[in-house]
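Containing mmCIF, C-alpha atoms and all ligand atoms: data_12.cif.
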```cif
data_query
loop_
_atom_site.label_atom_id
_atom_site.label_comp_id
_atom_site.auth_asym_id
_atom_site.auth_seq_id
_atom_site.Cartn_x
_atom_site.Cartn_y
_atom_site.Cartn_z
CA MET R 8 181.26 -180.60 178.64
CA ARG R 9 183.92 -179.06 176.38
CA ASN R 10 182.70 -180.91 173.28
CA ASN R 11 179.43 -178.97 173.37
CA LEU R 12 181.12 -175.59 173.27
CA PRO R 13 181.00 -173.54 170.04
CA ILE R 14 183.90 -172.91 167.66
CA GLY R 15 184.98 -169.25 167.51
CA ILE R 16 185.65 -167.56 164.16
CA PHE R 17 186.88 -164.04 163.46
CA ASP R 18 187.66 -161.84 160.51
CA SER R 19 188.03 -158.12 159.94
CA GLY R 20 184.51 -158.05 158.47
CA VAL R 21 182.25 -160.11 156.21
CA GLY R 22 185.08 -162.13 154.59
CA GLY R 23 185.12 -164.81 157.26
CA LEU R 24 181.56 -165.71 156.31
CA THR R 25 183.12 -167.67 153.45
CA VAL R 26 184.93 -169.77 156.08
CA TYR R 27 181.84 -169.93 158.31
CA ARG R 28 179.85 -171.39 155.41
CA ALA R 29 182.50 -174.03 154.72
CA LEU R 30 182.68 -174.98 158.42
CA HIS R 31 178.91 -175.07 158.74
CA ASP R 32 178.56 -177.32 155.67
CA ARG R 33 181.25 -179.74 156.77
CA LEU R 34 180.45 -179.86 160.49
CA PRO R 35 176.67 -179.99 160.95
CA ASN R 36 176.98 -181.01 164.62
CA GLU R 37 178.97 -177.94 165.58
CA HIS R 38 177.81 -174.44 166.37
CA PHE R 39 179.73 -171.21 165.95
CA ILE R 40 180.40 -167.75 167.34
CA TYR R 41 181.47 -165.31 164.64
CA LEU R 42 183.10 -161.95 165.16
CA GLY R 43 183.46 -159.45 162.29
CA ASP R 44 185.61 -156.47 163.29
CA THR R 45 183.68 -154.16 160.97
CA ALA R 46 184.69 -151.02 162.90
CA ARG R 47 188.37 -151.56 162.07
CA VAL R 48 188.26 -153.23 158.63
CA PRO R 49 190.47 -153.29 156.53
CA TYR R 50 193.38 -155.03 158.23
CA GLY R 51 195.31 -155.61 155.03
CA THR R 52 196.69 -152.07 154.78
CA LYS R 53 197.71 -151.83 158.46
CA SER R 54 201.01 -152.48 160.24
CA LEU R 55 202.07 -155.72 161.90
CA ALA R 56 201.72 -154.19 165.40
CA THR R 57 198.17 -152.99 164.71
CA VAL R 58 196.98 -156.24 163.12
CA GLU R 59 198.48 -158.19 166.03
CA ARG R 60 196.69 -156.01 168.56
CA TYR R 61 193.33 -156.28 166.79
CA ALA R 62 193.75 -160.05 166.37
CA LEU R 63 194.58 -160.54 170.06
CA GLU R 64 191.60 -158.45 171.17
CA ASN R 65 189.26 -160.41 168.90
CA SER R 66 190.68 -163.74 170.11
CA GLU R 67 190.33 -162.77 173.75
CA PHE R 68 186.76 -161.63 173.22
CA LEU R 69 185.83 -164.97 171.64
CA ALA R 70 187.75 -166.97 174.25
CA SER R 71 185.83 -165.11 176.98
CA ARG R 72 182.60 -166.37 175.42
CA GLY R 73 183.66 -169.99 176.00
CA ILE R 74 184.84 -171.68 172.80
CA LYS R 75 186.63 -174.99 172.29
CA MET R 76 188.63 -173.96 169.21
CA LEU R 77 189.44 -170.74 167.37
CA VAL R 78 189.49 -170.32 163.59
CA VAL R 79 191.30 -167.21 162.40
CA ALA R 80 189.19 -166.71 159.26
CA CYS R 81 191.36 -163.84 158.08
CA ASN R 82 194.48 -164.38 156.00
CA THR R 83 196.03 -161.11 157.15
CA ALA R 84 195.65 -161.98 160.84
CA SER R 85 196.77 -165.57 160.13
CA ALA R 86 199.87 -164.34 158.30
CA LEU R 87 200.83 -161.75 160.91
CA ALA R 88 199.48 -162.82 164.28
CA LEU R 89 199.01 -166.60 164.56
CA PRO R 90 202.01 -167.27 166.85
CA ARG R 91 200.98 -164.45 169.25
CA ILE R 92 197.37 -165.66 169.35
CA ARG R 93 198.51 -169.23 170.09
CA GLU R 94 200.78 -167.95 172.84
CA ARG R 95 197.99 -165.87 174.40
CA ILE R 96 194.92 -168.13 174.41
CA GLY R 97 194.97 -171.64 175.79
CA ILE R 98 192.93 -173.41 173.09
CA ASP R 99 193.65 -174.82 169.65
CA VAL R 100 193.92 -172.19 166.93
CA VAL R 101 193.59 -172.86 163.18
CA GLY R 102 194.62 -170.27 160.57
CA VAL R 103 193.71 -170.22 156.87
CA ILE R 104 197.11 -169.88 155.16
CA GLY R 105 198.60 -173.35 155.78
CA PRO R 106 195.44 -175.18 154.62
CA GLY R 107 195.06 -172.86 151.58
CA GLY R 108 198.69 -173.28 150.48
CA ARG R 109 198.58 -177.08 150.82
CA LYS R 110 195.29 -177.32 148.97
CA ALA R 111 196.68 -175.26 146.05
CA VAL R 112 199.66 -177.61 145.69
CA VAL R 113 197.51 -180.77 145.88
CA SER R 114 195.09 -179.35 143.33
CA CYS R 115 197.93 -178.61 140.84
CA GLN R 116 199.58 -182.00 141.40
CA SER R 117 196.35 -183.88 140.79
CA THR R 118 195.51 -182.09 137.53
CA PRO R 119 195.28 -184.68 134.73
CA ASN R 120 197.69 -184.17 131.78
CA ARG R 121 199.84 -181.86 133.84
CA PRO R 122 202.69 -180.34 131.74
CA PRO R 123 206.21 -181.59 132.70
CA ARG R 124 207.32 -178.44 134.52
CA ALA R 125 207.18 -176.98 138.05
CA ILE R 126 203.66 -176.08 139.12
CA LYS R 127 202.66 -172.41 138.85
CA ILE R 128 200.55 -170.94 141.61
CA GLY R 129 199.16 -167.41 141.77
CA VAL R 130 198.21 -165.80 145.07
CA ILE R 131 195.97 -162.76 145.42
CA ALA R 132 195.76 -161.27 148.88
CA THR R 133 195.92 -158.09 150.93
CA GLU R 134 199.10 -156.03 150.86
CA ALA R 135 200.03 -157.17 154.38
CA THR R 136 199.61 -160.86 153.48
CA VAL R 137 201.66 -160.43 150.28
CA THR R 138 204.45 -158.61 152.15
CA SER R 139 204.56 -161.29 154.86
CA ASN R 140 205.34 -163.97 152.21
CA ALA R 141 203.32 -166.40 154.34
CA TYR R 142 201.69 -168.02 151.28
CA VAL R 143 204.96 -168.37 149.38
CA GLU R 144 206.44 -170.17 152.40
CA ALA R 145 203.36 -172.40 152.88
CA ILE R 146 203.34 -173.36 149.17
CA ARG R 147 207.12 -173.99 149.03
CA ARG R 148 206.90 -176.21 152.13
CA ALA R 149 204.52 -178.44 150.17
CA SER R 150 206.32 -178.07 146.81
CA PRO R 151 209.81 -176.50 146.96
CA GLU R 152 209.97 -176.14 143.15
CA ALA R 153 206.68 -174.28 142.77
CA GLU R 154 206.72 -171.00 140.86
CA VAL R 155 204.65 -168.48 142.80
CA MET R 156 203.39 -165.05 141.78
CA GLN R 157 201.63 -162.79 144.29
CA THR R 158 199.46 -159.71 143.70
CA GLY R 159 197.84 -157.44 146.27
CA CYS R 160 194.23 -156.50 145.51
CA PRO R 161 193.29 -154.12 148.35
CA LEU R 162 190.18 -152.66 146.72
CA PHE R 163 188.53 -156.10 146.61
CA VAL R 164 187.93 -155.84 150.38
CA PRO R 165 185.68 -152.73 150.36
CA LEU R 166 183.96 -154.03 147.20
CA ALA R 167 183.08 -157.27 149.01
CA GLU R 168 182.05 -155.35 152.17
CA GLU R 169 179.83 -153.20 149.93
CA GLY R 170 178.33 -156.29 148.28
CA TRP R 171 179.41 -155.16 144.78
CA THR R 172 179.87 -158.69 143.55
CA THR R 173 179.16 -158.31 139.81
CA GLU R 174 179.08 -154.54 139.16
CA PRO R 175 180.95 -153.23 136.06
CA GLU R 176 183.27 -151.22 138.35
CA THR R 177 184.31 -154.45 140.08
CA PHE R 178 185.13 -156.03 136.70
CA SER R 179 187.25 -153.06 135.66
CA ILE R 180 189.21 -153.04 138.96
CA ALA R 181 189.70 -156.80 138.64
CA GLU R 182 191.01 -156.38 135.09
CA ARG R 183 193.58 -153.83 136.26
CA TYR R 184 194.77 -155.98 139.19
CA LEU R 185 194.68 -159.36 137.48
CA LYS R 186 196.04 -158.77 133.98
CA PRO R 187 199.65 -159.63 135.01
CA MET R 188 198.30 -162.72 136.78
CA ARG R 189 196.46 -163.82 133.63
CA ASP R 190 199.71 -163.37 131.67
CA PHE R 191 201.54 -165.53 134.27
CA ARG R 192 199.05 -168.34 133.42
CA PRO R 193 198.93 -170.04 136.82
CA ASP R 194 197.65 -173.60 137.20
CA ALA R 195 195.81 -172.50 140.33
CA LEU R 196 195.02 -169.15 141.92
CA VAL R 197 194.73 -168.90 145.70
CA LEU R 198 192.03 -166.54 146.93
CA GLY R 199 194.34 -165.44 149.73
CA CYS R 200 191.88 -163.18 151.48
CA THR R 201 188.63 -164.50 152.89
CA HIS R 202 186.74 -161.57 151.32
CA TYR R 203 187.69 -162.64 147.80
CA PRO R 204 185.43 -165.71 147.39
CA ILE R 205 182.55 -163.22 147.58
CA LEU R 206 183.90 -161.84 144.25
CA ARG R 207 184.60 -165.31 142.86
CA GLN R 208 182.59 -164.87 139.67
CA VAL R 209 184.41 -161.66 138.67
CA ILE R 210 187.82 -163.14 139.51
CA GLN R 211 187.16 -166.36 137.58
CA GLN R 212 185.98 -164.52 134.48
CA THR R 213 188.98 -162.18 134.60
CA VAL R 214 191.70 -164.83 134.95
CA GLY R 215 189.97 -167.32 132.66
CA GLU R 216 187.89 -170.44 133.23
CA GLY R 217 190.93 -172.75 132.98
CA VAL R 218 192.47 -171.52 136.25
CA SER R 219 191.27 -173.34 139.36
CA LEU R 220 190.44 -170.98 142.18
CA ILE R 221 191.49 -172.15 145.64
CA ASP R 222 189.27 -171.10 148.51
CA SER R 223 191.13 -171.64 151.76
CA GLY R 224 187.82 -171.79 153.67
CA GLU R 225 187.06 -175.30 152.48
CA ALA R 226 190.61 -176.52 153.18
CA THR R 227 190.44 -174.94 156.63
CA ALA R 228 187.14 -176.69 157.38
CA GLU R 229 188.76 -180.04 156.51
CA GLU R 230 191.63 -179.34 158.91
CA VAL R 231 189.26 -178.26 161.67
CA GLU R 232 187.34 -181.52 161.25
CA GLU R 233 190.58 -183.53 161.55
CA LEU R 234 191.73 -181.58 164.60
CA LEU R 235 188.37 -181.98 166.37
CA LYS R 236 188.65 -185.75 165.86
CA GLU R 237 192.29 -185.89 166.90
CA LYS R 238 191.64 -183.92 170.11
CA GLY R 239 188.39 -185.73 170.90
CA LEU R 240 186.57 -182.39 170.74
CA ALA R 241 183.88 -183.12 168.14
CA ASN R 242 180.34 -182.60 169.32
CA PRO R 243 178.80 -186.08 169.53
CA ASN R 244 175.21 -184.82 169.63
CA ALA R 245 173.44 -183.87 166.46
CA VAL R 246 172.58 -180.28 167.40
CA ARG R 247 169.58 -180.11 165.12
CA VAL R 248 167.84 -182.36 162.65
CA LYS R 249 167.98 -179.77 159.93
CA ARG R 250 170.56 -177.09 160.53
CA GLY R 251 170.24 -173.79 158.62
CA LEU R 252 173.00 -171.30 157.87
CA CYS R 253 172.81 -168.39 160.32
CA ASP R 254 170.14 -170.08 162.45
CA ASP R 255 169.82 -169.21 166.12
CA LEU R 256 172.44 -171.76 167.21
CA ASP R 257 175.13 -169.55 165.69
CA HIS R 258 175.83 -166.19 167.28
CA PHE R 259 177.24 -163.30 165.25
CA TYR R 260 178.96 -160.22 166.65
CA VAL R 261 180.22 -157.15 164.80
CA THR R 262 182.06 -154.12 166.11
CA ASP R 263 180.04 -151.68 163.95
CA ALA R 264 177.31 -151.34 161.30
CA ALA R 265 175.34 -154.47 162.10
CA GLU R 266 172.60 -153.71 159.58
CA ARG R 267 175.12 -153.46 156.75
CA PHE R 268 176.76 -156.73 157.82
CA ALA R 269 173.34 -158.42 157.84
CA ASN R 270 172.62 -157.21 154.31
CA VAL R 271 175.91 -158.46 152.88
CA ALA R 272 175.45 -161.77 154.75
CA GLU R 273 172.05 -162.11 153.14
CA ARG R 274 173.43 -161.45 149.67
CA PHE R 275 176.24 -163.90 150.20
CA LEU R 276 174.64 -166.68 152.31
CA GLY R 277 171.02 -166.18 151.26
CA THR R 278 169.96 -165.40 154.82
CA LYS R 279 170.54 -162.88 157.58
CA PRO R 280 172.00 -164.00 160.93
CA SER R 281 169.17 -164.60 163.39
CA LYS R 282 171.39 -163.62 166.31
CA LEU R 283 173.48 -160.54 165.55
CA GLU R 284 174.83 -158.04 168.05
CA ALA R 285 177.05 -154.99 167.76
CA ILE R 286 179.70 -154.92 170.49
CA GLU R 287 183.09 -153.45 171.34
CA VAL R 288 186.01 -155.80 171.83
CA TYR R 289 188.49 -153.28 173.17
CA GLY R 290 187.52 -152.58 176.71
CA GLY R 291 184.40 -150.42 176.21
CA ASP R 292 180.84 -151.32 177.13
CA GLU R 293 180.20 -154.61 175.53
CA LEU R 294 176.66 -154.35 174.34
CA LYS R 295 175.73 -151.38 172.20
CA GLN R 296 172.70 -152.52 170.27
CA GLU R 297 170.83 -155.60 169.28
CA VAL R 298 169.51 -156.07 165.75
N1 LIG H 301 189.48 -160.93 155.02
C1 LIG H 301 190.75 -160.62 155.51
C2 LIG H 301 191.86 -161.45 154.91
O1 LIG H 301 191.64 -162.56 154.65
C3 LIG H 301 191.13 -159.20 155.72
C4 LIG H 301 190.85 -158.22 154.68
C5 LIG H 301 191.15 -156.85 155.24
O2 LIG H 301 190.61 -156.55 156.30
O3 LIG H 301 191.95 -156.12 154.62
O4 LIG H 301 192.96 -161.06 154.71
#
```
Produce structure tokens that represent the structure in this file.
Amino acid sequence: MRNNLPIGIFDSGVGGLTVYRALHDRLPNEHFIYLGDTARVPYGTKSLATVERYALENSEFLASRGIKMLVVACNTASALALPRIRERIGIDVVGVIGPGGRKAVVSCQSTPNRPPRAIKIGVIATEATVTSNAYVEAIRRASPEAEVMQTGCPLFVPLAEEGWTTEPETFSIAERYLKPMRDFRPDALVLGCTHYPILRQVIQQTVGEGVSLIDSGEATAEEVEELLKEKGLANPNAVRVKRGLCDDLDHFYVTDAAERFANVAERFLGTKPSKLEAIEVYGGDELKQEV
């Protein structure tokens, strides 16, 4: 029965775990297959053609595992490759940019004592996502008057992959990237890369406590829940009485450095994946090692 199939999730690395956590919290009846393309991270500095190719290979790998829905838990791949993925695989696909942009607008509009001016939204993302303008378009669709400022923060990706979540070096890089954003004084700041919520504390302290940080993972989980209902695809059976993050109902794959992925997952989620395998998604032997 299709309803019992897992939901597929992919990212270039550990960043999509922020989306996995949001999906897991909101949808306790569902189970997940996660793919982190750790051999080819980062995506954010690569060309459109390359990101599209990686995204299609990841999507096909997950589709071949038997999934009922695909969540592209990577802003870069969502910004650059969503139409091609939808064209290629015959299941519903949800990206993170639309939900993140809409959530930012709603959060600004519902702020009490809002000043009588257009809302101001900051977006931090990878270079590829910034160049694509996908967030600016998503925000302007929801609020045509919105003032938007974007900044690329490429070094945040390796810092998150490394698990350097509160190191002094991370604070000094954040200060350099985010000073112009602080001066812009946004009402809300979109964490437009799924790696960035891992550095949430540093980002919040650098831009100031008054700025609300928008994590597109939570907004995406809400949209996935709606879509599952609308398509009649929700799993009707409670899969487990008490469902733990990373328990053996969820299967994790990486394309390299499984041990490193497990350590960052533990720092971020408080637990290591019980089922984690290193594989290749581009035509080589599938199974290299089990951890
Ligand atoms: N986490 C991904 C994103 O949301 C990609 C980061 C990268 O690989 O550069 O954009």
*asked:* Rounded to one decimal, what separation in Å do you get between atom CA of R:Ala84 and atom CA of R:Glu67?
replied: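 Distance reported for this atom pair: 14.0 Å.
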*Please write as a PyMOL selection string the list of polymer residues whose atoms come within 7 Å of (169.8, -167.9, 159.4), counting all atoms listed in the file and keeping to the coordinates of the file.*
chain R and resi 251-255+278-281
*Check every protein, DNA and RNA residue against ligand LIG 301 (chain H), keep those with an atom at most 9 Å away (counting all atoms listed in the file), and present them as number ranges by chain.*
R: 18-23, 44-45, 47-53, 80-86, 103, 132-136, 161-165, 198-203
With C-alpha atoms retained, export the selected residues as a JSON list (two decimals), in the frame of the given file.
```
[["chain", "number", "residue", "atom", "x", "y", "z"],
["R", 18, "ASP", "CA", 187.66, -161.84, 160.51],
["R", 19, "SER", "CA", 188.03, -158.12, 159.94],
["R", 20, "GLY", "CA", 184.51, -158.05, 158.47],
["R", 21, "VAL", "CA", 182.25, -160.11, 156.21],
["R", 22, "GLY", "CA", 185.08, -162.13, 154.59],
["R", 23, "GLY", "CA", 185.12, -164.81, 157.26],
["R", 44, "ASP", "CA", 185.61, -156.47, 163.29],
["R", 45, "THR", "CA", 183.68, -154.16, 160.97],
["R", 47, "ARG", "CA", 188.37, -151.56, 162.07],
["R", 48, "VAL", "CA", 188.26, -153.23, 158.63],
["R", 49, "PRO", "CA", 190.47, -153.29, 156.53],
["R", 50, "TYR", "CA", 193.38, -155.03, 158.23],
["R", 51, "GLY", "CA", 195.31, -155.61, 155.03],
["R", 52, "THR", "CA", 196.69, -152.07, 154.78],
["R", 53, "LYS", "CA", 197.71, -151.83, 158.46],
["R", 80, "ALA", "CA", 189.19, -166.71, 159.26],
["R", 81, "CYS", "CA", 191.36, -163.84, 158.08],
["R", 82, "ASN", "CA", 194.48, -164.38, 156.00],
["R", 83, "THR", "CA", 196.03, -161.11, 157.15],
["R", 84, "ALA", "CA", 195.65, -161.98, 160.84],
["R", 85, "SER", "CA", 196.77, -165.57, 160.13],
["R", 86, "ALA", "CA", 199.87, -164.34, 158.30],
["R", 103, "VAL", "CA", 193.71, -170.22, 156.87],
["R", 132, "ALA", "CA", 195.76, -161.27, 148.88],
["R", 133, "THR", "CA", 195.92, -158.09, 150.93],
["R", 134, "GLU", "CA", 199.10, -156.03, 150.86],
["R", 135, "ALA", "CA", 200.03, -157.17, 154.38],
["R", 136, "THR", "CA", 199.61, -160.86, 153.48],
["R", 161, "PRO", "CA", 193.29, -154.12, 148.35],
["R", 162, "LEU", "CA", 190.18, -152.66, 146.72],
["R", 163, "PHE", "CA", 188.53, -156.10, 146.61],
["R", 164, "VAL", "CA", 187.93, -155.84, 150.38],
["R", 165, "PRO", "CA", 185.68, -152.73, 150.36],
["R", 198, "LEU", "CA", 192.03, -166.54, 146.93],
["R", 199, "GLY", "CA", 194.34, -165.44, 149.73],
["R", 200, "CYS", "CA", 191.88, -163.18, 151.48],
["R", 201, "THR", "CA", 188.63, -164.50, 152.89],
["R", 202, "HIS", "CA", 186.74, -161.57, 151.32],
["R", 203, "TYR", "CA", 187.69, -162.64, 147.80]]
```
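Checking R:Ala269, R:Ile98, R:Leu196, R:Ala285 one by one against R:Ala70, counting all atoms listed in the file, you find the shortest gap at R:Ile98.
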*Work out how far atom CA of R:Ile128 is from atom CA of R:Ala226, in Å to one decimal.*
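Interatomic distance here is 16.2 Å.
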_Distance query R:Leu256 at most 12 Å, only C-alpha atoms, self and fewer than 3 positions along chain excluded, as a ChimeraX atom specification_ = /R:11-14,31,35-41,246-247,249-253,259,280-283
Can you check which parts of stretch 195-264 of chain R lie within 12 Å of stretch 118-124 of chain R? Per residue, the shortest pair of atoms and distance in Å to one decimal, counting only C-alpha atoms, sorted by chain and number, as JSON lines.
```
{"residue": "R:Ala195", "atom": "CA", "partner": "R:Thr118", "partner_atom": "CA", "distance": 10.0}
{"residue": "R:Gly217", "atom": "CA", "partner": "R:Thr118", "partner_atom": "CA", "distance": 11.4}
{"residue": "R:Val218", "atom": "CA", "partner": "R:Thr118", "partner_atom": "CA", "distance": 11.1}
{"residue": "R:Ser219", "atom": "CA", "partner": "R:Thr118", "partner_atom": "CA", "distance": 9.9}
```
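Going from atom CA of R:Val130 to atom CA of R:Val197 covers 4.7 Å.
Among the candidates R:Phe191, R:Tyr289, R:Phe68, R:Trp171, the residue lying nearest to R:Lys127 is R:Phe191 (atoms considered: all atoms listed in the file).
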*Among listed residues R:Val261, R:Val78, R:Ile131, R:Ala46, nearest R:Pro187 (using only C-alpha atoms)*: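 Looking only at the distances to R:Pro187, the closest residue turns out to be R:Ile131.
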Starting from the sparse input, extend stretch 63-88 of chain R to N, CA and C atoms and give the output as a short mmCIF file (atom, residue, chain, number, x, y, z; two decimals), in the frame of the given file.
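What landed in result.cif:
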```cif
data_model
loop_
_atom_site.label_atom_id
_atom_site.label_comp_id
_atom_site.auth_asym_id
_atom_site.auth_seq_id
_atom_site.Cartn_x
_atom_site.Cartn_y
_atom_site.Cartn_z
N LEU R 63 194.57 -160.06 168.67
CA LEU R 63 194.58 -160.54 170.06
C LEU R 63 193.30 -160.12 170.78
N GLU R 64 192.84 -158.90 170.53
CA GLU R 64 191.60 -158.45 171.17
C GLU R 64 190.41 -159.29 170.71
N ASN R 65 190.36 -159.57 169.42
CA ASN R 65 189.26 -160.41 168.90
C ASN R 65 189.31 -161.80 169.52
N SER R 66 190.53 -162.36 169.59
CA SER R 66 190.68 -163.74 170.11
C SER R 66 190.27 -163.80 171.57
N GLU R 67 190.67 -162.78 172.33
CA GLU R 67 190.33 -162.77 173.75
C GLU R 67 188.83 -162.61 173.95
N PHE R 68 188.22 -161.79 173.12
CA PHE R 68 186.76 -161.63 173.22
C PHE R 68 186.07 -162.98 173.00
N LEU R 69 186.48 -163.69 171.94
CA LEU R 69 185.83 -164.97 171.64
C LEU R 69 186.14 -165.99 172.73
N ALA R 70 187.39 -166.02 173.20
CA ALA R 70 187.75 -166.97 174.25
C ALA R 70 186.91 -166.71 175.51
N SER R 71 186.62 -165.44 175.77
CA SER R 71 185.83 -165.11 176.98
C SER R 71 184.39 -165.59 176.86
N ARG R 72 183.95 -165.86 175.63
CA ARG R 72 182.60 -166.37 175.42
C ARG R 72 182.51 -167.89 175.65
N GLY R 73 183.66 -168.54 175.80
CA GLY R 73 183.66 -169.99 176.00
C GLY R 73 183.60 -170.73 174.67
N ILE R 74 184.77 -170.94 174.07
CA ILE R 74 184.84 -171.68 172.80
C ILE R 74 185.84 -172.82 172.97
N LYS R 75 185.70 -173.86 172.15
CA LYS R 75 186.63 -174.99 172.29
C LYS R 75 187.77 -174.92 171.27
N MET R 76 187.60 -174.09 170.25
CA MET R 76 188.63 -173.96 169.21
C MET R 76 188.45 -172.60 168.54
N LEU R 77 189.54 -172.04 168.04
CA LEU R 77 189.44 -170.74 167.37
C LEU R 77 189.91 -170.86 165.92
N VAL R 78 189.09 -170.36 165.00
CA VAL R 78 189.49 -170.32 163.59
C VAL R 78 189.74 -168.86 163.21
N VAL R 79 190.97 -168.57 162.83
CA VAL R 79 191.30 -167.21 162.40
C VAL R 79 190.95 -167.14 160.91
N ALA R 80 189.74 -166.66 160.62
CA ALA R 80 189.19 -166.71 159.26
C ALA R 80 189.61 -165.46 158.48
N CYS R 81 190.83 -165.04 158.70
CA CYS R 81 191.36 -163.84 158.08
C CYS R 81 192.81 -164.15 157.72
N ASN R 82 193.12 -164.06 156.43
CA ASN R 82 194.48 -164.38 156.00
C ASN R 82 195.49 -163.40 156.59
N THR R 83 195.11 -162.12 156.65
CA THR R 83 196.03 -161.11 157.15
C THR R 83 196.40 -161.40 158.60
N ALA R 84 195.39 -161.67 159.42
CA ALA R 84 195.65 -161.98 160.84
C ALA R 84 196.38 -163.32 160.96
N SER R 85 196.06 -164.28 160.09
CA SER R 85 196.77 -165.57 160.13
C SER R 85 198.24 -165.38 159.77
N ALA R 86 198.49 -164.54 158.75
CA ALA R 86 199.87 -164.34 158.30
C ALA R 86 200.69 -163.59 159.34
N LEU R 87 200.06 -162.65 160.04
CA LEU R 87 200.83 -161.75 160.91
C LEU R 87 200.77 -162.10 162.40
N ALA R 88 199.70 -162.76 162.83
CA ALA R 88 199.48 -162.82 164.28
C ALA R 88 199.28 -164.22 164.87
#
```
